[in-house]
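*Asks:* Just run-v3.txt, nothing more (compact mmCIF, C-alpha atoms and all ligand atoms):
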```txt
# COMPACT_ATOMS: atom_id res chain seq x y z
CA LEU A 530 22.59 10.84 -28.31
CA LYS A 531 21.34 8.50 -31.03
CA ARG A 532 20.23 5.83 -28.61
CA ASP A 533 17.89 8.21 -26.84
CA PRO A 534 16.73 10.99 -29.16
CA GLY A 535 14.32 12.24 -26.48
CA ARG A 536 17.03 13.21 -23.98
CA LYS A 537 16.91 16.97 -23.40
CA SER A 538 19.80 18.99 -22.14
CA GLU A 539 17.71 22.06 -21.33
CA ASP A 540 16.98 22.91 -17.70
CA ILE A 541 14.06 20.82 -16.50
CA THR A 542 12.91 23.61 -14.17
CA ALA A 543 12.21 25.78 -17.21
CA VAL A 544 9.64 23.21 -18.31
CA TYR A 545 8.44 21.71 -15.02
CA GLU A 546 8.03 23.09 -11.52
CA LEU A 547 9.48 20.46 -9.19
CA ARG A 548 7.37 19.89 -6.09
CA GLU A 549 7.04 17.58 -3.08
CA LYS A 550 8.94 14.35 -2.62
CA LEU A 551 7.12 11.07 -3.25
CA GLY A 552 9.89 8.67 -2.46
CA GLU A 553 13.59 8.38 -1.94
CA GLY A 554 16.21 5.75 -2.79
CA SER A 555 19.94 5.43 -2.34
CA PHE A 556 20.82 7.56 -5.35
CA SER A 557 17.55 9.04 -6.47
CA GLU A 558 14.41 10.78 -5.33
CA VAL A 559 10.99 10.89 -6.91
CA ARG A 560 9.05 14.16 -6.90
CA VAL A 561 5.74 15.47 -8.13
CA ALA A 562 6.21 18.08 -10.85
CA GLN A 563 3.88 20.31 -12.80
CA HIS A 564 4.30 21.20 -16.45
CA ARG A 565 4.45 25.00 -16.46
CA ARG A 566 2.43 25.50 -19.63
CA THR A 567 -0.11 22.63 -19.59
CA LYS A 568 -0.33 22.44 -15.73
CA ARG A 569 -0.28 18.66 -16.04
CA LEU A 570 1.20 16.76 -13.05
CA VAL A 571 3.90 14.12 -13.51
CA ALA A 572 6.36 12.16 -11.38
CA VAL A 573 10.05 12.98 -11.87
CA LYS A 574 12.80 10.63 -10.74
CA CYS A 575 15.91 12.77 -10.07
CA ILE A 576 19.11 10.80 -10.13
CA ARG A 577 22.38 12.20 -8.83
CA LYS A 578 25.01 10.95 -11.26
CA ARG A 579 27.95 11.45 -8.91
CA VAL A 580 26.67 8.85 -6.46
CA LEU A 581 26.45 6.47 -9.36
CA LYS A 582 30.14 6.29 -10.19
CA GLY A 583 30.85 2.92 -11.75
CA LYS A 584 27.17 2.14 -11.98
CA GLU A 585 26.35 4.42 -14.91
CA SER A 586 25.57 1.43 -17.07
CA MET A 587 22.89 0.36 -14.60
CA LEU A 588 21.30 3.74 -14.98
CA GLU A 589 21.55 3.69 -18.76
CA ASN A 590 19.76 0.35 -18.55
CA GLU A 591 16.88 1.80 -16.64
CA ILE A 592 16.43 4.50 -19.25
CA THR A 593 16.85 2.30 -22.29
CA VAL A 594 14.51 -0.26 -20.83
CA LEU A 595 11.83 2.23 -19.81
CA GLY A 596 11.93 3.98 -23.17
CA LYS A 597 10.97 0.78 -24.99
CA ILE A 598 8.08 -0.11 -22.74
CA ASN A 599 4.45 0.59 -23.45
CA HIS A 600 2.01 -1.40 -21.34
CA GLU A 601 -1.01 -0.43 -19.26
CA ASN A 602 0.40 -2.11 -16.16
CA ILE A 603 3.84 -0.54 -16.38
CA VAL A 604 4.62 3.05 -15.42
CA SER A 605 5.50 4.95 -18.58
CA LEU A 606 8.53 7.13 -19.19
CA GLU A 607 7.47 10.31 -20.97
CA GLU A 608 10.73 12.20 -21.43
CA THR A 609 14.17 12.61 -19.92
CA PHE A 610 16.36 15.59 -19.05
CA GLU A 611 20.05 15.60 -18.31
CA THR A 612 22.52 18.01 -16.73
CA PRO A 613 26.20 17.28 -16.01
CA SER A 614 25.29 16.20 -12.47
CA LYS A 615 21.73 14.98 -12.68
CA LEU A 616 19.38 12.91 -14.73
CA TYR A 617 15.61 13.41 -14.66
CA LEU A 618 13.13 10.78 -15.74
CA VAL A 619 9.67 12.21 -16.33
CA MET A 620 7.04 9.53 -15.69
CA THR A 621 3.27 9.45 -15.71
CA LEU A 622 2.12 10.25 -12.16
CA VAL A 623 0.18 7.57 -10.39
CA THR A 624 -1.72 8.57 -7.26
CA GLY A 625 -2.89 5.39 -5.57
CA GLY A 626 0.21 4.69 -3.49
CA GLU A 627 2.19 1.51 -3.01
CA LEU A 628 0.70 -1.97 -2.85
CA LEU A 629 2.72 -2.49 0.31
CA ASP A 630 0.82 0.25 2.14
CA ARG A 631 -2.51 -1.27 1.16
CA ILE A 632 -1.40 -4.68 2.39
CA LEU A 633 -0.31 -3.18 5.71
CA GLU A 634 -3.61 -1.29 6.01
CA ARG A 635 -5.76 -4.30 5.25
CA GLY A 636 -3.66 -7.04 6.86
CA SER A 637 -4.28 -9.37 3.95
CA TYR A 638 -6.24 -9.49 0.72
CA MET A 639 -9.39 -11.33 -0.22
CA GLU A 640 -8.51 -14.06 -2.70
CA ARG A 641 -10.37 -12.38 -5.53
CA ASP A 642 -8.54 -9.09 -4.94
CA ALA A 643 -5.19 -10.84 -4.70
CA SER A 644 -5.87 -12.79 -7.88
CA HIS A 645 -6.78 -9.55 -9.66
CA VAL A 646 -3.56 -7.82 -8.51
CA ILE A 647 -1.39 -10.79 -9.45
CA SER A 648 -3.07 -11.16 -12.82
CA GLN A 649 -2.12 -7.56 -13.71
CA VAL A 650 1.44 -8.08 -12.50
CA LEU A 651 1.66 -11.23 -14.62
CA GLU A 652 0.38 -9.40 -17.71
CA ALA A 653 3.15 -6.83 -17.23
CA VAL A 654 5.73 -9.56 -16.59
CA ARG A 655 4.67 -11.50 -19.69
CA TYR A 656 5.05 -8.33 -21.76
CA LEU A 657 8.51 -7.59 -20.32
CA HIS A 658 9.66 -11.16 -20.82
CA GLN A 659 8.48 -11.09 -24.43
CA LEU A 660 10.78 -8.09 -24.90
CA GLY A 661 13.61 -10.01 -23.26
CA ILE A 662 13.50 -7.81 -20.16
CA VAL A 663 13.85 -9.25 -16.66
CA HIS A 664 12.64 -6.84 -13.96
CA ARG A 665 14.63 -8.47 -11.12
CA ASP A 666 13.23 -6.28 -8.36
CA LEU A 667 9.54 -7.14 -8.18
CA LYS A 668 8.20 -6.48 -4.70
CA PRO A 669 5.16 -4.73 -3.23
CA GLU A 670 7.00 -1.37 -2.87
CA ASN A 671 7.50 -1.32 -6.63
CA LEU A 672 3.86 -2.07 -7.41
CA LEU A 673 1.84 1.15 -7.45
CA TYR A 674 -1.87 1.85 -7.67
CA GLU A 675 -2.83 4.21 -10.45
CA THR A 676 -5.62 5.86 -8.42
CA PRO A 677 -6.78 5.81 -4.77
CA LEU A 678 -9.91 3.85 -5.78
CA GLU A 679 -10.33 0.34 -4.42
CA ASP A 680 -10.51 -1.17 -7.92
CA SER A 681 -7.57 0.85 -9.31
CA LYS A 682 -5.21 -0.63 -11.86
CA ILE A 683 -1.75 -1.68 -10.67
CA VAL A 684 1.42 -0.53 -12.44
CA ILE A 685 4.91 -1.81 -11.90
CA SER A 686 7.75 0.67 -11.50
CA ASP A 687 11.42 0.92 -10.64
CA PHE A 688 13.59 -0.61 -13.30
CA GLY A 689 16.78 0.34 -11.47
CA LEU A 690 17.94 -3.24 -11.42
CA SER A 691 16.43 -4.51 -14.62
CA LYS A 692 18.49 -5.27 -17.65
CA ILE A 693 17.98 -6.52 -21.16
CA GLY A 694 19.24 -10.09 -21.21
CA ASP A 695 21.84 -10.94 -23.83
CA GLN A 696 20.90 -14.57 -24.38
CA GLY A 697 18.05 -14.45 -21.93
CA MET A 698 20.54 -15.17 -19.17
CA LEU A 699 21.81 -12.74 -16.57
CA SER A 700 24.29 -13.20 -13.79
CA THR A 701 24.71 -10.18 -11.53
CA ALA A 702 23.75 -10.74 -7.93
CA CYS A 703 21.24 -8.14 -6.82
CA GLY A 704 17.72 -7.69 -5.54
CA THR A 705 15.98 -7.70 -2.18
CA PRO A 706 16.64 -10.83 -0.03
CA ALA A 707 13.02 -11.66 0.83
CA TYR A 708 12.03 -11.79 -2.84
CA VAL A 709 15.20 -13.22 -4.33
CA ALA A 710 15.04 -16.58 -6.11
CA PRO A 711 17.22 -19.55 -5.03
CA GLU A 712 19.29 -19.57 -8.23
CA LEU A 713 20.13 -15.91 -7.65
CA LEU A 714 21.40 -16.60 -4.13
CA GLN A 715 23.45 -19.52 -5.36
CA GLN A 716 25.01 -17.27 -7.98
CA LYS A 717 23.98 -19.62 -10.74
CA THR A 718 23.09 -18.11 -14.07
CA TYR A 719 19.54 -16.95 -13.98
CA GLY A 720 16.90 -15.48 -16.22
CA LYS A 721 13.24 -14.55 -16.42
CA GLU A 722 12.32 -17.23 -13.89
CA VAL A 723 13.45 -14.97 -11.01
CA ASP A 724 10.49 -12.66 -11.68
CA LEU A 725 8.03 -15.54 -11.37
CA TRP A 726 9.57 -16.52 -8.04
CA ALA A 727 9.03 -12.94 -6.85
CA VAL A 728 5.41 -13.09 -8.03
CA GLY A 729 5.07 -16.24 -5.89
CA VAL A 730 6.41 -14.40 -2.84
CA ILE A 731 4.11 -11.41 -3.45
CA SER A 732 1.07 -13.71 -3.89
CA PHE A 733 1.89 -15.45 -0.61
CA ILE A 734 2.14 -12.11 1.23
CA LEU A 735 -1.09 -10.79 -0.31
CA LEU A 736 -3.02 -13.80 0.96
CA CYS A 737 -1.74 -14.08 4.52
CA GLY A 738 -0.02 -10.77 5.30
CA TYR A 739 3.42 -12.20 6.10
CA PRO A 740 6.32 -13.44 3.92
CA PRO A 741 6.97 -17.11 3.08
CA PHE A 742 10.64 -16.88 3.95
CA TYR A 743 11.73 -15.05 7.03
CA ASP A 744 14.58 -15.20 9.53
CA GLU A 745 16.38 -12.47 11.44
CA ASN A 746 19.56 -14.25 10.50
CA ASP A 747 20.41 -13.71 6.83
CA ALA A 748 22.26 -17.02 6.51
CA GLN A 749 19.19 -18.87 7.79
CA LEU A 750 16.94 -16.88 5.49
CA TYR A 751 19.13 -17.79 2.49
CA ARG A 752 18.99 -21.45 3.53
CA GLN A 753 15.21 -21.39 3.61
CA ILE A 754 15.06 -19.77 0.20
CA ILE A 755 17.60 -22.07 -1.43
CA ARG A 756 15.57 -25.06 -0.21
CA ALA A 757 12.27 -23.36 -1.05
CA GLU A 758 11.29 -24.16 2.54
CA TYR A 759 7.97 -22.54 3.34
CA GLU A 760 4.66 -23.64 4.82
CA PHE A 761 0.99 -22.81 4.56
CA ASP A 762 0.74 -22.50 8.34
CA SER A 763 -2.42 -23.07 10.30
CA PRO A 764 -4.56 -21.17 11.15
CA TYR A 765 -3.63 -18.41 8.67
CA TRP A 766 -3.97 -20.60 5.58
CA ASP A 767 -6.89 -22.77 6.71
CA GLU A 768 -9.52 -20.78 4.84
CA ILE A 769 -7.44 -20.20 1.72
CA SER A 770 -8.30 -22.23 -1.37
CA ASP A 771 -6.30 -25.21 -2.61
CA SER A 772 -6.20 -23.48 -5.98
CA ALA A 773 -4.31 -20.51 -4.48
CA LYS A 774 -1.87 -22.86 -2.74
CA ASP A 775 -1.36 -24.85 -5.94
CA PHE A 776 -0.65 -21.63 -7.84
CA ILE A 777 1.93 -20.49 -5.27
CA GLY A 778 3.48 -23.96 -5.23
CA HIS A 779 4.23 -23.71 -8.96
CA LEU A 780 5.94 -20.34 -8.48
CA LEU A 781 7.88 -21.03 -5.28
CA GLN A 782 9.50 -23.93 -7.08
CA LYS A 783 13.22 -24.04 -6.37
CA ASP A 784 14.14 -25.51 -9.76
CA PRO A 785 13.70 -22.63 -12.23
CA LYS A 786 13.11 -25.15 -15.04
CA LYS A 787 10.09 -26.56 -13.22
CA ARG A 788 8.78 -23.15 -12.18
CA TYR A 789 5.77 -21.75 -14.07
CA ASN A 790 6.54 -19.14 -16.70
CA SER A 791 4.29 -16.09 -17.06
CA GLU A 792 2.13 -17.81 -19.69
CA GLU A 793 1.49 -20.86 -17.49
CA ALA A 794 0.85 -18.69 -14.46
CA LEU A 795 -1.73 -16.62 -16.35
CA GLN A 796 -3.50 -19.82 -17.41
CA HIS A 797 -3.73 -21.21 -13.86
CA PRO A 798 -7.38 -21.43 -12.71
CA TRP A 799 -6.66 -19.21 -9.70
CA ILE A 800 -5.84 -16.40 -12.14
CA SER A 801 -7.94 -17.13 -15.22
CA GLY A 802 -10.90 -18.53 -13.26
CA GLY A 803 -10.87 -15.59 -10.84
CA ALA A 804 -11.07 -13.06 -13.65
CA ALA A 805 -14.02 -14.93 -15.13
CA LEU A 806 -15.83 -14.86 -11.79
CA GLU A 807 -15.40 -11.09 -11.54
CA LYS A 808 -16.80 -10.62 -15.02
CA ASN A 809 -19.97 -12.49 -14.04
CA ILE A 810 -20.53 -10.32 -10.99
CA HIS A 811 -20.41 -6.93 -12.70
P1 LIG B 901 13.77 3.61 -5.96
O1 LIG B 901 14.86 3.20 -6.89
O2 LIG B 901 14.16 4.73 -5.06
O3 LIG B 901 13.11 2.46 -5.24
P2 LIG B 901 11.24 3.94 -7.34
O4 LIG B 901 11.13 4.14 -8.81
O5 LIG B 901 10.78 2.63 -6.78
O6 LIG B 901 12.71 4.30 -6.91
O7 LIG B 901 10.41 5.12 -6.65
C1 LIG B 901 10.43 5.32 -5.25
C2 LIG B 901 9.02 5.62 -4.75
O8 LIG B 901 8.50 6.81 -5.37
C3 LIG B 901 8.01 4.52 -5.11
O9 LIG B 901 8.02 3.47 -4.18
C4 LIG B 901 6.71 5.32 -5.11
O10 LIG B 901 6.22 5.47 -3.80
C5 LIG B 901 7.13 6.66 -5.66
N1 LIG B 901 6.93 6.69 -7.13
C6 LIG B 901 7.76 6.21 -8.08
N2 LIG B 901 7.29 6.39 -9.32
C7 LIG B 901 6.10 7.01 -9.17
C8 LIG B 901 5.09 7.49 -10.09
N3 LIG B 901 5.23 7.35 -11.42
N4 LIG B 901 4.01 8.09 -9.58
C9 LIG B 901 3.88 8.23 -8.23
N5 LIG B 901 4.76 7.81 -7.32
C10 LIG B 901 5.87 7.21 -7.77
MG MG B 902 11.64 1.09 -5.61
```
Let me see the structure of the file written as C-alpha cells.
*Replies:*
Amino acid sequence: LKRDPGRKSEDITAVYELREKLGEGSFSEVRVAQHRRTKRLVAVKCIRKRVLKGKESMLENEITVLGKINHENIVSLEETFETPSKLYLVMTLVTGGELLDRILERGSYMERDASHVISQVLEAVRYLHQLGIVHRDLKPENLLYETPLEDSKIVISDFGLSKIGDQGMLSTACGTPAYVAPELLQQKTYGKEVDLWAVGVISFILLCGYPPFYDENDAQLYRQIIRAEYEFDSPYWDEISDSAKDFIGHLLQKDPKKRYNSEEALQHPWISGGAALEKNIH
C-alpha cells in the first residue's frame, strides 16, 4: 500500500503480546500490549473490519490522519498491522486515564487547572486545524492523561470520526449530542469551528462539573444547543471569574463565524494569562 508504507501484514502477535483491555467501542477495543523483544508497553486499538462494512473509508481516515500527526498533545500512532479480518493500530501507551474520570473524582477543576488542560487541548486543536484536520469528537473521554501524576500532560485521542476536510468544509452528521455544535445539528455545512464549540463545552464542564446543555429529551436538548441556550447558574458559577465566563462565551457562540478560532482562544487572557501565572509560581 503506497499510501501507508508502514502497514504490516505479518501477525501482530509475533511481535507484540496482547494483554488486558483498556477500553471498548462499537467496533474496536483498545488493549495494552508488550513488544516481545524490547519489552516496551504500547496501546493497540484492534478493529474488527467486518463490523465496519460500508464504513471502511471512515477507518482509512483514522489511519491516514493519525499517520500524519506529530504533536506532544496528541496520541501518536507508531505502526499498523492488518489481517483480512482485523486492523491493529499500535499507539504510544498513556497511563494517566481519562479526563472524564478525573472530573468525576474531583467534582470540578480549579480555574488554573482547567485553564492548563484547555490550553493543551487548544494547542493540539490549532495544530490539527493547521493541517486541515477537524477532530469532530472532542469530549472528556477522548482526552487522556499521559501519566497518573497530578500535573501530567493531556493528549487527545480517538480520531474515529475525524476527517481531512476537502475545502475546509465537512458535512456528515456525527458526534456526541452533548458536545455537538449547532451548525452540525442543523445539518448545515460545517468546519473547524465545531471543535472550538466542543472545547467550550469541555471548559464549562471542567469548571462546574455539569454540562451546559442538558435535557432528558433529545429534541429539547437539540433546541437548547441550536439556540446556544445555557446559563452560568448560581450558586455554582458565583465564584468563577468573569474571564472564564467571557472565554466560554466566545466558544459557545452559535454563529460559527463569530466563534473564536483556536488562535483567538489561545490568546484569551484566561488561557494566556493563566499560563503566565503558573510560570511565576514555579
Ligand atoms: P473508541 O473509538 O472506542 O472511543 P478510543 O480511541 O477513544 O476508542 O479508545 C477507547 C478507550 O481506550 C479510551 O477512552 C481510553 O480509555 C483507552 N485508550 C485509548 N488509547 C489509549 C492509549 N494510547 N493509551 C492508553 N489508553 C488508551
Ligand atoms: Mg473514544
*Asks:* Would you mind listing, for every residue of chain A within 6 Å of ligand LIG 901 (chain B), the two atoms forming the shortest contact and the distance between them in Å to one decimal, using only C-alpha atoms and all ligand atoms, sorted by chain and ascending residue number, as CSV?
*Replies:*
```
residue,atom,partner,partner_atom,distance
A:Leu551,CA,B:LIG901,O8,5.0
A:Gly552,CA,B:LIG901,O8,3.7
A:Glu553,CA,B:LIG901,O2,4.8
A:Gly554,CA,B:LIG901,O2,3.2
A:Ser557,CA,B:LIG901,O2,5.7
A:Val559,CA,B:LIG901,O8,5.0
A:Ala572,CA,B:LIG901,N3,4.9
A:Val604,CA,B:LIG901,N3,5.9
A:Met620,CA,B:LIG901,N3,5.1
A:Thr621,CA,B:LIG901,N3,5.2
A:Leu622,CA,B:LIG901,N4,3.9
A:Val623,CA,B:LIG901,N4,3.9
A:Thr624,CA,B:LIG901,C9,5.7
A:Glu627,CA,B:LIG901,O10,5.7
A:Glu670,CA,B:LIG901,O9,5.1
A:Asn671,CA,B:LIG901,O5,5.1
A:Ser686,CA,B:LIG901,O4,5.5
A:Asp687,CA,B:LIG901,O4,3.7
A:Gly689,CA,B:LIG901,O1,5.7
```
*Asks:* Please identify all polymer residues within 7 Å of A:Ile731, counting all atoms listed in the file, omitting same-chain residues fewer than 3 positions from it, and present them as a PyMOL selection string.
*Replies:* chain A and resi 668-669+727-728+734-735
*Asks:* Which one of A:Leu595, A:Leu673, A:Leu606, A:Leu633 sits closest to ligand MG 902 (chain B) if you count all atoms listed in the file?
*Replies:* A:Leu673
*Asks:* Go ahead and compute the interatomic distance for atom CA of A:Glu549 and atom CA of A:Leu672, in Å to one decimal.
*Replies:*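 That distance, rounded to one decimal, is 20.4 Å.
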*Asks:* Between atom CA of A:Leu616 and atom CA of A:Arg548, what is the spacing in Å?
*Replies:*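 Between these atoms lies a distance of 16.4 Å.
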*Asks:* Out of A:Glu585, A:Glu745, A:Asp666, A:Glu608, which residue has the shortest atom-to-atom distance to ligand MG 902 (chain B) when counting all atoms listed in the file?
*Replies:*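 So, comparing all the options, the nearest one is A:Asp666.
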*Asks:* Atom CA of A:Ala773 and atom CA of A:Ala653, how far apart in Å?
*Replies:* 20.1 Å
*Asks:* Which centre and which edge lengths, in Å to one decimal, describe the axis-aligned box that holds all listed atoms of stretch 563-569 of chain A after 4 Å is added on each side, as lines of an AutoDock Vina configuration file?
*Replies:*
```
center_x = 2.1
center_y = 22.1
center_z = -16.2
size_x = 12.8
size_y = 14.8
size_z = 14.8
```
*Asks:* Rank A:Thr567, A:Gln796, A:Thr542, A:Ser555 by their smallest atom-to-atom distance to ligand MG 902 (chain B), using all atoms listed in the file, and report the top residue only.
*Replies:*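 Distance minimum relative to ligand MG 902 (chain B) lands on A:Ser555.
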*Asks:* Quick one: everything within 12 Å of stretch 750-759 of chain A, counting all atoms listed in the file, minus sequence neighbours fewer than 3 positions away in the same chain. Send it as a ChimeraX atom specification.
*Replies:* /A:705-717,726-727,729-730,733,739-747,762,774,777-785,788
*Asks:* Kindly indicate which residue among A:Val561, A:Leu667, A:Ile769, A:Leu547 lies nearest to ligand MG 902 (chain B), using only C-alpha atoms and all ligand atoms for the distances.
*Replies:* A:Leu667
*Asks:* Pick from A:Ile541, A:Leu628, A:Val663, A:Leu657: nearest to ligand MG 902 (chain B), with all atoms listed in the file counted?
*Replies:* A:Leu628
*Asks:* Here is a test: counting all atoms listed in the file, which residue of A:Lys682, A:Arg631, A:Arg655, A:Arg665 is nearest to ligand MG 902 (chain B)?
*Replies:*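 Smallest distance to ligand MG 902 (chain B) is found for A:Arg665.
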*Asks:* What lies within 10 Å of A:Arg577 using only C-alpha atoms, ignoring chain neighbours under 5 positions off, as a list in words?
*Replies:*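 Surrounding residues, per the criterion: Ser555, Phe556, Ser557, Glu558, Lys582, Thr612, Pro613, Ser614, Lys615, Leu616 and Tyr617 of chain A.
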*Asks:* Can you pull out the residues contacting A:Ile603? Cut-off 9 Å, using only C-alpha atoms, and skip same-chain residues under 2 positions away; I want them as a VMD selection string.
*Replies:* chain A and resid 598 to 601 605 650 653 683 to 686
*Asks:* Can you tell me which residues surround A:Ser791 at a distance of at most 7 Å, considering all atoms listed in the file, apart from same-chain residues fewer than 6 positions away, and format the answer as a short mmCIF file (atom, residue, chain, number, x, y, z; two decimals) with C-alpha atoms, keeping the file's coordinate frame?
*Replies:*
```cif
data_model
loop_
_atom_site.label_atom_id
_atom_site.label_comp_id
_atom_site.auth_asym_id
_atom_site.auth_seq_id
_atom_site.Cartn_x
_atom_site.Cartn_y
_atom_site.Cartn_z
CA LEU A 651 1.66 -11.23 -14.62
CA VAL A 654 5.73 -9.56 -16.59
CA ARG A 655 4.67 -11.50 -19.69
CA LEU A 725 8.03 -15.54 -11.37
#
```
